[in-house]
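So this block is upload-v8.pdb, PDB, C-alpha atoms:
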```pdb
ATOM      1  CA  MET V 116    -100.901  65.625   0.728
ATOM      2  CA  THR V 117     -99.243  65.715  -2.684
ATOM      3  CA  ARG V 118    -101.185  66.628  -5.747
ATOM      4  CA  VAL V 119    -101.213  63.937  -8.410
ATOM      5  CA  PRO V 120    -101.390  65.325 -11.960
ATOM      6  CA  ARG V 121    -104.233  64.076 -14.080
ATOM      7  CA  PRO V 122    -103.059  61.556 -16.655
ATOM      8  CA  ARG V 123    -102.945  62.762 -20.257
ATOM      9  CA  ARG V 124    -103.885  60.371 -22.985
ATOM     10  CA  GLU V 125    -103.138  60.637 -26.642
ATOM     11  CA  ALA V 126    -105.984  59.993 -29.043
ATOM     12  CA  ALA V 127    -105.769  57.098 -31.496
ATOM     13  CA  GLY V 128    -103.417  58.074 -34.306
ATOM     14  CA  GLN V 129    -102.087  61.071 -32.302
ATOM     15  CA  ALA V 130     -98.490  60.381 -33.266
ATOM     16  CA  LEU V 131     -99.419  60.645 -36.949
ATOM     17  CA  LEU V 132    -101.356  63.912 -36.672
ATOM     18  CA  PHE V 133     -98.447  66.162 -37.315
ATOM     19  CA  ASP V 134     -96.717  64.128 -39.927
ATOM     20  CA  ASP V 135     -96.429  66.978 -42.411
ATOM     21  CA  GLU V 136     -96.971  64.708 -45.422
ATOM     22  CA  THR V 137    -100.207  63.309 -43.954
ATOM     23  CA  THR V 138    -101.525  66.763 -42.999
ATOM     24  CA  ASP V 139    -100.635  68.180 -46.423
ATOM     25  CA  ARG V 140    -102.267  65.206 -48.144
ATOM     26  CA  VAL V 141    -105.484  65.561 -46.115
ATOM     27  CA  LEU V 142    -105.718  69.306 -46.865
ATOM     28  CA  ARG V 143    -105.081  68.641 -50.575
ATOM     29  CA  ASP V 144    -107.583  65.752 -50.714
ATOM     30  CA  ALA V 145    -110.212  67.828 -48.889
ATOM     31  CA  ARG V 146    -110.416  69.964 -52.031
ATOM     32  CA  ASP V 147    -110.553  67.027 -54.484
ATOM     33  CA  PRO V 148    -111.950  64.395 -54.113
ATOM     34  CA  GLY V 149    -113.311  65.662 -50.792
ATOM     35  CA  TYR V 150    -114.299  64.089 -47.492
ATOM     36  CA  VAL V 151    -117.707  63.452 -45.941
ATOM     37  CA  LEU V 152    -118.642  62.607 -42.351
ATOM     38  CA  VAL V 153    -121.194  59.796 -42.388
ATOM     39  CA  GLY V 154    -123.758  59.091 -39.688
ATOM     40  CA  ILE V 155    -123.971  60.071 -36.052
ATOM     41  CA  GLY V 156    -120.430  58.825 -35.374
ATOM     42  CA  GLU V 157    -119.121  61.082 -38.163
ATOM     43  CA  THR V 158    -116.971  58.350 -39.700
ATOM     44  CA  VAL V 159    -114.706  59.826 -42.367
ATOM     45  CA  HIS V 160    -115.238  58.749 -45.958
ATOM     46  CA  THR V 161    -113.782  59.964 -49.244
ATOM     47  CA  ARG V 162    -114.843  59.911 -52.878
ATOM     48  CA  HIS V 163    -112.969  58.901 -56.023
ATOM     49  CA  ILE V 164    -110.576  61.465 -57.544
ATOM     50  CA  GLY V 165    -112.409  63.970 -59.739
ATOM     51  CA  THR V 166    -115.844  62.944 -58.394
ATOM     52  CA  ARG V 167    -116.459  65.402 -55.564
ATOM     53  CA  ALA V 168    -120.180  65.500 -56.411
ATOM     54  CA  ALA V 169    -120.507  61.679 -56.544
ATOM     55  CA  GLU V 170    -122.947  59.986 -54.209
ATOM     56  CA  HIS V 171    -120.688  56.994 -53.433
ATOM     57  CA  ALA V 172    -118.376  57.235 -50.356
ATOM     58  CA  ILE V 173    -115.414  55.040 -49.419
ATOM     59  CA  PRO V 174    -114.136  54.639 -45.809
ATOM     60  CA  THR V 175    -110.690  56.166 -45.174
ATOM     61  CA  ARG V 176    -107.714  54.739 -43.301
ATOM     62  CA  PRO V 177    -107.682  55.352 -39.512
ATOM     63  CA  ASP V 178    -104.703  57.764 -39.664
ATOM     64  CA  ILE V 179    -106.409  59.860 -42.358
ATOM     65  CA  ALA V 180    -109.694  59.858 -40.385
ATOM     66  CA  ALA V 181    -107.893  60.950 -37.196
ATOM     67  CA  THR V 182    -106.129  63.749 -39.094
ATOM     68  CA  VAL V 183    -109.433  64.950 -40.640
ATOM     69  CA  HIS V 184    -111.085  65.105 -37.199
ATOM     70  CA  HIS V 185    -108.071  66.875 -35.710
ATOM     71  CA  LEU V 186    -107.972  69.468 -38.516
ATOM     72  CA  LEU V 187    -111.711  70.014 -38.013
ATOM     73  CA  SER V 188    -111.177  70.713 -34.307
ATOM     74  CA  ALA V 189    -108.214  72.971 -35.142
ATOM     75  CA  GLY V 190    -110.341  74.974 -37.593
ATOM     76  CA  ARG V 191    -108.250  74.177 -40.677
ATOM     77  CA  LEU V 192    -111.161  72.129 -42.069
ATOM     78  CA  VAL V 193    -114.817  73.095 -41.589
ATOM     79  CA  HIS V 194    -118.192  71.372 -41.756
ATOM     80  CA  GLY V 195    -119.932  72.055 -45.054
ATOM     81  CA  SER V 196    -123.312  71.255 -46.527
ATOM     82  CA  ARG V 197    -125.474  68.217 -45.772
ATOM     83  CA  VAL V 198    -125.361  65.572 -48.504
ATOM     84  CA  THR V 199    -126.653  62.049 -49.085
ATOM     85  CA  VAL V 200    -124.179  59.269 -49.901
ATOM     86  CA  THR V 201    -124.166  55.516 -50.342
ATOM     87  CA  VAL V 202    -121.505  53.560 -48.497
ATOM     88  CA  ASP V 203    -119.989  50.234 -49.586
ATOM     89  CA  GLY V 204    -122.207  47.294 -48.629
ATOM     90  CA  ARG V 205    -125.323  49.346 -47.845
ATOM     91  CA  ALA V 206    -128.254  49.716 -50.189
ATOM     92  CA  GLU V 207    -129.870  52.805 -48.674
ATOM     93  CA  PRO V 208    -128.311  56.265 -48.829
ATOM     94  CA  GLU V 209    -127.127  57.845 -45.569
ATOM     95  CA  ALA V 210    -127.020  61.440 -44.407
ATOM     96  CA  ALA V 211    -123.534  62.932 -44.357
ATOM     97  CA  THR V 212    -121.808  66.271 -43.910
ATOM     98  CA  ALA V 213    -119.303  67.496 -46.481
ATOM     99  CA  VAL V 214    -115.918  68.701 -45.215
ATOM    100  CA  ASP V 215    -114.450  71.887 -46.699
ATOM    101  CA  VAL V 216    -111.075  73.588 -46.383
ATOM    102  CA  ALA V 217    -111.221  76.667 -44.155
ATOM    103  CA  VAL V 218    -110.515  79.939 -45.942
ATOM    104  CA  ALA V 219    -107.381  80.616 -43.872
ATOM    105  CA  ALA V 220    -106.023  77.127 -44.595
ATOM    106  CA  ALA V 221    -106.843  77.342 -48.305
ATOM    107  CA  SER V 222    -103.902  79.645 -48.974
ATOM    108  CA  ASP V 223    -100.484  78.054 -48.723
ATOM    109  CA  ALA V 224     -98.188  79.437 -46.048
ATOM    110  CA  GLN V 225     -95.920  82.182 -47.333
ATOM    111  CA  PRO V 226     -92.216  82.300 -46.484
ATOM    112  CA  GLY V 227     -92.886  85.474 -44.471
ATOM    113  CA  ASP V 228     -95.171  83.675 -42.026
ATOM    114  CA  ARG V 229     -92.514  83.548 -39.326
ATOM    115  CA  VAL V 230     -93.473  84.357 -35.766
ATOM    116  CA  ARG V 231     -91.415  85.043 -32.683
ATOM    117  CA  VAL V 232     -92.297  82.410 -30.086
ATOM    118  CA  PHE V 233     -91.527  82.694 -26.387
ATOM    119  CA  VAL V 234     -91.279  79.704 -24.050
ATOM    120  CA  ASP V 235     -91.362  80.678 -20.386
ATOM    121  CA  VAL V 236     -90.309  77.697 -18.248
ATOM    122  CA  VAL V 237     -92.212  78.534 -15.065
ATOM    123  CA  ARG V 238     -91.096  75.414 -13.173
ATOM    124  CA  PRO V 239     -89.096  72.322 -14.116
ATOM    125  CA  GLY V 240     -90.988  70.377 -16.783
ATOM    126  CA  HIS V 241     -93.635  73.037 -17.463
ATOM    127  CA  GLY V 242     -93.286  75.726 -20.146
ATOM    128  CA  LEU V 243     -95.825  78.317 -21.246
ATOM    129  CA  VAL V 244     -95.725  79.178 -24.949
ATOM    130  CA  THR V 245     -96.803  82.591 -26.225
ATOM    131  CA  ALA V 246     -96.805  84.352 -29.561
ATOM    132  CA  ASP V 247     -98.950  87.156 -30.934
ATOM    133  CA  GLU V 248    -101.064  84.633 -32.902
ATOM    134  CA  PHE V 249    -101.373  81.682 -30.478
ATOM    135  CA  SER V 250    -100.442  80.253 -27.084
ATOM    136  CA  GLY V 251    -100.108  76.870 -25.409
ATOM    137  CA  ALA V 252     -98.086  74.776 -22.993
ATOM    138  CA  ILE V 253     -95.326  72.179 -23.043
ATOM    139  CA  VAL V 254     -95.378  69.650 -20.197
ATOM    140  CA  ARG V 255     -92.732  66.990 -19.509
ATOM    141  CA  GLU V 256     -94.163  63.499 -19.066
ATOM    142  CA  ASN V 257     -92.289  60.196 -19.049
ATOM    143  CA  GLY V 258     -89.113  61.558 -20.635
ATOM    144  CA  SER V 259     -90.703  63.523 -23.484
ATOM    145  CA  TYR V 260     -92.805  66.660 -23.719
ATOM    146  CA  LEU V 261     -96.541  66.861 -24.412
ATOM    147  CA  VAL V 262     -97.523  69.870 -26.536
ATOM    148  CA  GLU V 263    -100.903  71.422 -25.700
ATOM    149  CA  THR V 264    -102.973  74.166 -27.303
ATOM    150  CA  SER V 265    -104.368  77.011 -25.212
ATOM    151  CA  ALA V 266    -107.584  74.959 -24.928
ATOM    152  CA  GLY V 267    -105.647  72.108 -23.256
ATOM    153  CA  GLU V 268    -105.817  69.780 -26.272
ATOM    154  CA  VAL V 269    -102.726  67.572 -26.619
ATOM    155  CA  ILE V 270    -101.496  67.831 -30.223
ATOM    156  CA  GLY V 271     -98.462  65.562 -29.937
ATOM    157  CA  ARG V 272     -95.075  64.977 -28.353
ATOM    158  CA  ALA V 273     -91.747  66.758 -28.730
ATOM    159  CA  ARG V 274     -88.169  66.092 -27.657
ATOM    160  CA  SER V 275     -87.514  69.583 -26.249
ATOM    161  CA  TYR V 276     -89.124  72.921 -25.448
ATOM    162  CA  ARG V 277     -87.839  74.303 -28.780
ATOM    163  CA  ALA V 278     -89.274  71.393 -30.788
ATOM    164  CA  GLY V 279     -92.577  71.758 -28.900
ATOM    165  CA  ALA V 280     -92.763  75.475 -29.737
ATOM    166  CA  GLU V 281     -92.079  74.706 -33.394
ATOM    167  CA  ARG V 282     -94.814  72.027 -33.401
ATOM    168  CA  LEU V 283     -97.323  74.433 -31.849
ATOM    169  CA  ALA V 284     -96.448  77.094 -34.444
ATOM    170  CA  ARG V 285     -96.951  74.565 -37.292
ATOM    171  CA  GLN V 286    -100.321  73.669 -35.759
ATOM    172  CA  HIS V 287    -101.401  77.269 -36.331
ATOM    173  CA  GLY V 288     -99.859  77.529 -39.812
ATOM    174  CA  PHE V 289     -96.738  79.489 -38.832
ATOM    175  CA  ARG V 290     -93.012  78.921 -38.667
ATOM    176  CA  ALA V 291     -91.395  79.519 -35.287
ATOM    177  CA  ASP V 292     -88.417  81.763 -35.955
ATOM    178  CA  PRO V 293     -86.937  82.673 -33.538
ATOM    179  CA  VAL V 294     -87.807  80.620 -30.462
ATOM    180  CA  GLU V 295     -86.752  82.302 -27.226
ATOM    181  CA  ILE V 296     -86.648  80.154 -24.089
ATOM    182  CA  GLU V 297     -86.436  81.703 -20.632
ATOM    183  CA  HIS V 298     -86.126  79.744 -17.402
ATOM    184  CA  GLU V 299     -87.590  81.370 -14.307
ATOM    185  CA  HIS V 300     -85.597  80.845 -11.145
ATOM    186  CA  GLU V 301     -87.267  81.259  -7.789
ATOM    187  CA  VAL V 302     -85.118  82.415  -4.922
ATOM    188  CA  TYR V 303     -85.943  80.716  -1.648
ATOM    189  CA  PRO V 304     -84.867  82.215   1.676
ATOM    190  CA  ARG V 305     -82.323  80.155   3.585
TER     191      ARG V 305
END
```
Is it possible to give me this structure as structure tokens?
Amino acid sequence: MTRVPRPRREAAGQALLFDDETTDRVLRDARDPGYVLVGIGETVHTRHIGTRAAEHAIPTRPDIAATVHHLLSAGRLVHGSRVTVTVDGRAEPEAATAVDVAVAAASDAQPGDRVRVFVDVVRPGHGLVTADEFSGAIVRENGSYLVETSAGEVIGRARSYRAGAERLARQHGFRADPVEIEHEHEVYPR
């Protein structure tokens, strides 16, 4: 009996999550004008520039909303205080949660934030990534590589083990330099 790997699915907007411009924009906009999560479904809304304390919220684009939720799960954004907002088309105010920038993400990365990253290819198509600050895995699927955090969350795709290690380092706010890749070779008796 052969073991069939469980299928991995990318979340909606997954390909856009690590577009550096989008991530930078979301982190910048989280400070001003700010984001709020409205209702039980925690739909992402924003406010007008310079009106962080305003009660009126505007729905965001799907790629921005996906990036906000991803940065919340990654710990770069955090849930803040409970607020009341009005949303376009609704007369009654709704309960919402403000989104704040995490303290670690509030400071811009310094040029010295380089980390040595090791990729240990334990079998063809499967690499384990380790660094002092984080870990994860890179798994080949359908001609490209899925990059996973240590919690098993798929954060995107990469074209190689090196590119996957660099993506994982960026996820944690670091720059992968150098990336060392080692292939394990099993010796089978003849």
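Shortest separation to Gly279 (chain V) among V:Ala266, V:Ala291, V:Ala206, V:Val198 occurs at residue V:Ala291, atoms counted being only C-alpha atoms.
Separating CA of Ile179 (chain V) from CA of Thr137 (chain V) is a distance of 7.3 Å.
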Could you tell me which residues the PyMOL selection byres ((chain V and resi 295) around 6) grabs in this file, written as a PyMOL selection string?
-> chain V and resi 233+294+296
With C-alpha atoms kept, could you save the residues just selected as a PDB file, in the coordinates of the input?
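Contents of the output file result_26.pdb:
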```pdb
ATOM      1  CA  PHE V 233     -91.527  82.694 -26.387  1.00  0.00           C
ATOM      2  CA  VAL V 294     -87.807  80.620 -30.462  1.00  0.00           C
ATOM      3  CA  ILE V 296     -86.648  80.154 -24.089  1.00  0.00           C
TER       4      ILE V 296
END
```
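Nearest to Ala210 (chain V) of all the residues V:Glu268, V:Asp292, V:Glu299, V:Glu170 is V:Glu170, based on all atoms listed in the file.
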Around the point (-104.9, 63.3, -47.6), in the coordinates given by the file, pick out the residues reaching within 7 Å, counting only C-alpha atoms, and return them as number ranges by chain.
-> V: 137-144, 179
Filtering to C-alpha atoms, could you give me those residues as an mmCIF file, keeping the file's coordinate frame?
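Produced file out.cif, reproduced below:
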```cif
data_model
loop_
_atom_site.group_PDB
_atom_site.id
_atom_site.type_symbol
_atom_site.label_atom_id
_atom_site.label_comp_id
_atom_site.auth_asym_id
_atom_site.auth_seq_id
_atom_site.Cartn_x
_atom_site.Cartn_y
_atom_site.Cartn_z
ATOM 1 C CA THR V 137 -100.207 63.309 -43.954
ATOM 2 C CA THR V 138 -101.525 66.763 -42.999
ATOM 3 C CA ASP V 139 -100.635 68.180 -46.423
ATOM 4 C CA ARG V 140 -102.267 65.206 -48.144
ATOM 5 C CA VAL V 141 -105.484 65.561 -46.115
ATOM 6 C CA LEU V 142 -105.718 69.306 -46.865
ATOM 7 C CA ARG V 143 -105.081 68.641 -50.575
ATOM 8 C CA ASP V 144 -107.583 65.752 -50.714
ATOM 9 C CA ILE V 179 -106.409 59.860 -42.358
#
```
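For the atom pair formed by CA of Thr264 (chain V) and CA of Ser196 (chain V), the distance is 28.1 Å, given to one decimal.
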Could you state the separation of CA of Leu283 (chain V) and CA of Gly156 (chain V) in Å, given to one decimal place?
-> 28.1 Å
What residues come out when you apply the PyMOL selection byres ((chain V and resi 234-239) around 12) to this file, written as a PyMOL selection string?
-> chain V and resi 231-233+240-246+250-256+260+262+275-281+283-284+291+293-301
Emit a file covering region 159-291 of chain V of the preceding structure with C-alpha atoms, as a short mmCIF file (atom, residue, chain, number, x, y, z; two decimals), in the first residue's frame.
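Saved to selection.cif:
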```cif
data_model
loop_
_atom_site.label_atom_id
_atom_site.label_comp_id
_atom_site.auth_asym_id
_atom_site.auth_seq_id
_atom_site.Cartn_x
_atom_site.Cartn_y
_atom_site.Cartn_z
CA VAL V 159 -11.38 43.63 6.93
CA HIS V 160 -12.30 47.29 6.65
CA THR V 161 -10.22 50.47 6.61
CA ARG V 162 -10.81 54.12 7.43
CA HIS V 163 -9.99 57.28 5.50
CA ILE V 164 -6.40 58.59 5.71
CA GLY V 165 -5.84 60.66 8.85
CA THR V 166 -9.08 59.44 10.48
CA ARG V 167 -7.97 56.47 12.57
CA ALA V 168 -10.51 57.38 15.27
CA ALA V 169 -13.40 57.77 12.78
CA GLU V 170 -16.46 55.59 13.20
CA HIS V 171 -16.98 54.97 9.46
CA ALA V 172 -15.34 51.84 7.91
CA ILE V 173 -14.82 50.99 4.24
CA PRO V 174 -14.39 47.39 2.94
CA THR V 175 -10.90 46.59 1.60
CA ARG V 176 -9.88 44.76 -1.56
CA PRO V 177 -9.66 40.94 -1.27
CA ASP V 178 -5.84 40.88 -1.63
CA ILE V 179 -5.43 43.46 1.15
CA ALA V 180 -7.90 41.56 3.38
CA ALA V 181 -6.04 38.27 2.80
CA THR V 182 -2.71 39.95 3.62
CA VAL V 183 -4.14 41.48 6.84
CA HIS V 184 -5.42 38.07 8.00
CA HIS V 185 -2.12 36.41 7.10
CA LEU V 186 -0.07 39.04 8.97
CA LEU V 187 -2.39 38.58 11.96
CA SER V 188 -1.74 34.82 11.97
CA ALA V 189 2.00 35.46 11.53
CA GLY V 190 2.02 37.81 14.53
CA ARG V 191 3.14 40.90 12.60
CA LEU V 192 -0.29 42.48 13.22
CA VAL V 193 -2.25 42.01 16.45
CA HIS V 194 -5.85 42.35 17.59
CA GLY V 195 -6.43 45.63 19.40
CA SER V 196 -9.31 47.21 21.25
CA ARG V 197 -13.02 46.69 20.57
CA VAL V 198 -14.62 49.59 18.69
CA THR V 199 -17.97 50.42 17.10
CA VAL V 200 -18.10 51.36 13.41
CA THR V 201 -20.68 52.04 10.74
CA VAL V 202 -20.25 50.28 7.42
CA ASP V 203 -21.43 51.55 4.02
CA GLY V 204 -25.12 50.83 3.44
CA ARG V 205 -25.95 49.97 7.06
CA ALA V 206 -27.65 52.34 9.45
CA GLU V 207 -26.74 50.66 12.74
CA PRO V 208 -23.21 50.57 14.12
CA GLU V 209 -21.45 47.19 14.31
CA ALA V 210 -18.93 45.80 16.77
CA ALA V 211 -15.40 45.58 15.39
CA THR V 212 -11.87 44.89 16.55
CA ALA V 213 -9.07 47.33 15.76
CA VAL V 214 -5.89 45.93 14.21
CA ASP V 215 -2.53 47.17 15.50
CA VAL V 216 1.04 46.69 14.34
CA ALA V 217 2.96 44.27 16.57
CA VAL V 218 5.85 45.83 18.47
CA ALA V 219 8.44 43.66 16.69
CA ALA V 220 7.02 44.58 13.27
CA ALA V 221 6.80 48.28 14.12
CA SER V 222 10.54 48.75 13.73
CA ASP V 223 11.86 48.53 10.19
CA ALA V 224 14.31 45.73 9.49
CA GLN V 225 17.92 46.79 9.90
CA PRO V 226 20.60 45.87 7.37
CA GLY V 227 22.21 43.67 10.03
CA ASP V 228 19.18 41.39 10.27
CA ARG V 229 20.83 38.65 8.23
CA VAL V 230 20.51 35.07 9.36
CA ARG V 231 22.27 31.91 8.31
CA VAL V 232 19.66 29.50 6.96
CA PHE V 233 20.19 25.78 6.51
CA VAL V 234 18.14 23.63 4.12
CA ASP V 235 18.55 19.92 4.76
CA VAL V 236 17.09 17.96 1.82
CA VAL V 237 16.13 14.76 3.65
CA ARG V 238 14.64 13.05 0.58
CA PRO V 239 13.97 14.16 -3.00
CA GLY V 240 11.42 16.98 -2.97
CA HIS V 241 11.42 17.54 0.80
CA GLY V 242 13.71 20.03 2.56
CA LEU V 243 13.76 21.01 6.22
CA VAL V 244 14.65 24.65 6.89
CA THR V 245 16.34 25.72 10.12
CA ALA V 246 17.76 28.94 11.49
CA ASP V 247 18.26 30.17 15.04
CA GLU V 248 15.11 32.34 14.78
CA PHE V 249 12.69 30.11 12.81
CA SER V 250 12.16 26.80 11.03
CA GLY V 251 9.94 25.34 8.32
CA ALA V 252 9.78 23.03 5.34
CA ILE V 253 9.94 23.19 1.55
CA VAL V 254 7.98 20.51 -0.31
CA ARG V 255 7.97 19.95 -4.08
CA GLU V 256 4.49 19.76 -5.58
CA ASN V 257 3.52 19.92 -9.25
CA GLY V 258 6.83 21.35 -10.45
CA SER V 259 7.23 24.10 -7.84
CA TYR V 260 7.93 24.17 -4.13
CA LEU V 261 5.45 24.92 -1.35
CA VAL V 262 6.97 26.87 1.56
CA GLU V 263 5.59 26.00 5.00
CA THR V 264 6.12 27.46 8.46
CA SER V 265 6.98 25.22 11.40
CA ALA V 266 3.24 25.12 12.18
CA GLY V 267 2.54 23.60 8.73
CA GLU V 268 0.97 26.76 7.29
CA VAL V 269 1.65 27.19 3.56
CA ILE V 270 2.92 30.75 3.00
CA GLY V 271 3.49 30.55 -0.75
CA ARG V 272 5.41 28.95 -3.59
CA ALA V 273 9.05 29.15 -4.63
CA ARG V 274 11.08 28.05 -7.65
CA SER V 275 13.90 26.41 -5.66
CA TYR V 276 15.03 25.43 -2.18
CA ARG V 277 17.11 28.64 -1.98
CA ALA V 278 14.17 30.85 -2.99
CA GLY V 279 11.95 29.01 -0.48
CA ALA V 280 14.46 29.61 2.33
CA GLU V 281 14.63 33.29 1.42
CA ARG V 282 10.81 33.53 1.43
CA LEU V 283 10.60 31.87 4.85
CA ALA V 284 13.24 34.27 6.22
CA ARG V 285 11.28 37.29 4.86
CA GLN V 286 8.16 35.88 6.53
CA HIS V 287 9.93 36.24 9.87
CA GLY V 288 11.42 39.66 9.09
CA PHE V 289 14.96 38.50 8.27
CA ARG V 290 17.21 38.30 5.26
CA ALA V 291 18.59 34.86 4.44
#
```
